[in-house]
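Chemist: Sharing a structure with you now.
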Amino acid sequence: MARAVKALTAKQALVTLTRPGPHKVLRGDLGLIGLPGVILTPAQGLGLPAVAFGHGWLQPARRYLGLFKHLASWGIVVAAPGTHTGALPSHRLLAADLRTALDVCTGVRLGEGQISVHPERLAVAGHSMGGGAAVLAAAEDERVRAVVTMALSETRPSALDAAHHCAMPGLHLSAVQDLVAPTVGHVEPVAQAWAGPVQLRGITKATHLAFTEGRHWSDLLLDGRSHHTTQKLTKALTTAFLLRILTGTRAYSALLEEEVRGCTIDYTRGPLPTAAHR
């Protein structure tokens, strides 16, 4: 059952959710069950929500570890496949790996048997092509209750086409200064085609790589670089959204309904539901 928390203003929610949550975080290796990648969980908890995360083009999962640790500290299991990191990835197969990661979360007792995931509290998320792959996965998996994307880039098969079949709530974070996957040609059409409740937010100082952490050789090929403020906003918004949709936590809803400094609401349609299973 969702823990009762006093409703906060948007500013209060932003400050609260940029800080680590109350849970100690454990890290594991998806490779132990045959899927390269990482999994991060709270130290304990039954019936937890979970999200499968898709990386961007050429990006290793470690470039998002700060986000993964943050979500896990707030009680959300994160599984991130480390597949298709080469120059010619299969978007379709990455989407399939995201669905497999959800299978792992729900089918395997995690940790030392003190962690389990509720099969009706599942989400997918991703950055760049991983965001597009998340949309592909959501369109074909009725278990998915929520989708979050960051600087989504169009995929093959088309994430835009898949969006017409996504009836679950979607939160799409765009990088206003993105030169790799400009908002107008990538995430904006996806948001407008979304079948369910949807919100498109623009992070004003973000470039395509702003969501990634540290340095990587791909920085020489792609526009932008790691940006701390973008990552803080992403952590807070993603946490508020997943807690609201997957667990019914309303305390941080103001953050999802109002603009905050550095992040505009560019498109929204439909009210956000509250989780039926608590």
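Chain identifiers are assigned as A, B, and so on, following the order in which chains appear in the structure tokens; residues are numbered from 1 within each chain, and ligands are numbered from 1 in order of appearance.
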Near region 213-228 of chain A, within 8 Å and counting only C-alpha atoms, which residues show up once chain neighbours fewer than 4 positions away are dropped, as a list in words?
Modeler: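 My reading of the contact set: Leu58, Gln59, Arg63, Tyr64, Leu65, Gly66, Asp178, Leu179, Val180, Ala206, Thr207, His208, Leu209 and Lys232 of chain A.
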Chemist: Which residues in region 31-155 of chain A does DSSP call strand (DSSP E)? List them as a PyMOL selection string.
Modeler: chain A and resi 37-42+45-54+77-81+115-127+144-150
Chemist: Output C-alpha atoms of each residue in that selection to a file, as a PDB file, in the first residue's frame.
Modeler:
ATOM      1  CA  GLY A  37      23.401  -5.611 -17.980  1.00  0.00           C
ATOM      2  CA  VAL A  38      22.852  -4.339 -14.458  1.00  0.00           C
ATOM      3  CA  ILE A  39      20.045  -4.445 -11.929  1.00  0.00           C
ATOM      4  CA  LEU A  40      19.690  -2.146  -8.942  1.00  0.00           C
ATOM      5  CA  THR A  41      17.205  -2.703  -6.145  1.00  0.00           C
ATOM      6  CA  PRO A  42      16.259  -1.453  -2.706  1.00  0.00           C
ATOM      7  CA  GLY A  45      10.778  -4.966  -0.120  1.00  0.00           C
ATOM      8  CA  LEU A  46       7.992  -7.121  -1.496  1.00  0.00           C
ATOM      9  CA  GLY A  47       5.617  -6.179  -4.303  1.00  0.00           C
ATOM     10  CA  LEU A  48       7.906  -3.399  -5.505  1.00  0.00           C
ATOM     11  CA  PRO A  49       7.545  -1.459  -8.769  1.00  0.00           C
ATOM     12  CA  ALA A  50      10.157  -2.031 -11.484  1.00  0.00           C
ATOM     13  CA  VAL A  51      11.365  -0.287 -14.622  1.00  0.00           C
ATOM     14  CA  ALA A  52      13.427  -1.674 -17.501  1.00  0.00           C
ATOM     15  CA  PHE A  53      15.757   0.978 -18.954  1.00  0.00           C
ATOM     16  CA  GLY A  54      17.100   1.222 -22.503  1.00  0.00           C
ATOM     17  CA  VAL A  77      13.793  -1.824  -9.027  1.00  0.00           C
ATOM     18  CA  VAL A  78      15.765  -0.897 -12.173  1.00  0.00           C
ATOM     19  CA  ALA A  79      16.952  -3.435 -14.763  1.00  0.00           C
ATOM     20  CA  ALA A  80      19.116  -2.162 -17.621  1.00  0.00           C
ATOM     21  CA  PRO A  81      20.157  -4.517 -20.429  1.00  0.00           C
ATOM     22  CA  ILE A 115      12.967  -8.469  -2.758  1.00  0.00           C
ATOM     23  CA  SER A 116      10.078  -9.125  -5.121  1.00  0.00           C
ATOM     24  CA  VAL A 117       8.382  -7.137  -7.881  1.00  0.00           C
ATOM     25  CA  HIS A 118       4.629  -6.811  -8.341  1.00  0.00           C
ATOM     26  CA  PRO A 119       3.668  -8.013 -11.851  1.00  0.00           C
ATOM     27  CA  GLU A 120       1.242  -5.114 -12.278  1.00  0.00           C
ATOM     28  CA  ARG A 121       3.703  -2.371 -11.308  1.00  0.00           C
ATOM     29  CA  LEU A 122       5.960  -2.411 -14.352  1.00  0.00           C
ATOM     30  CA  ALA A 123       7.337   0.372 -16.529  1.00  0.00           C
ATOM     31  CA  VAL A 124       9.851   0.916 -19.304  1.00  0.00           C
ATOM     32  CA  ALA A 125      12.115   3.901 -19.854  1.00  0.00           C
ATOM     33  CA  GLY A 126      15.067   4.901 -21.957  1.00  0.00           C
ATOM     34  CA  HIS A 127      17.358   7.527 -23.417  1.00  0.00           C
ATOM     35  CA  VAL A 144       3.643  -2.070 -18.975  1.00  0.00           C
ATOM     36  CA  ARG A 145       1.830   0.561 -16.924  1.00  0.00           C
ATOM     37  CA  ALA A 146       4.040   3.597 -17.587  1.00  0.00           C
ATOM     38  CA  VAL A 147       6.690   4.879 -20.010  1.00  0.00           C
ATOM     39  CA  VAL A 148       9.399   7.515 -19.521  1.00  0.00           C
ATOM     40  CA  THR A 149      11.684   8.684 -22.331  1.00  0.00           C
ATOM     41  CA  MET A 150      14.631  11.085 -22.415  1.00  0.00           C
TER      42      MET A 150
END
Chemist: Can you pull out every residue within 7 Å of Ala163 (chain A), counting only C-alpha atoms, but drop anything in the same chain fewer than 5 positions away, and send it as a ChimeraX atom specification?
Modeler: /A:135,139,190,193-195
Chemist: With distances taken over only C-alpha atoms, which of A:Ala159, A:Cys263, A:Ala10, A:Ala72 is nearest to Ala43 (chain A)?
Modeler: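 The closest residue to Ala43 (chain A) is A:Ala72.
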Chemist: By how many Å are CA of Thr16 (chain A) and CA of Pro273 (chain A) apart?
Modeler: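 Atom-to-atom, CA of Thr16 (chain A) and CA of Pro273 (chain A) are spaced 22.2 Å apart.
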Chemist: Identify which of the residues A:Thr234, A:Leu35, A:Leu26, A:Gly185 lies closest to Val104 (chain A), counting only C-alpha atoms when measuring atom-to-atom distances.
Modeler: A:Leu35
Chemist: Given only C-alpha atoms as the basis, pick out the residue of A:Lys24, A:Arg201, A:His172, A:Arg92 nearest to Ser158 (chain A).
Modeler: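 Selected residue with least distance to Ser158 (chain A): A:Arg92.
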Chemist: Give me, please, the distance in Å between CA of Leu14 (chain A) and CA of Thr268 (chain A), quoted to one decimal.
Modeler: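 Rounded to one decimal, the two atoms are 19.4 Å apart.
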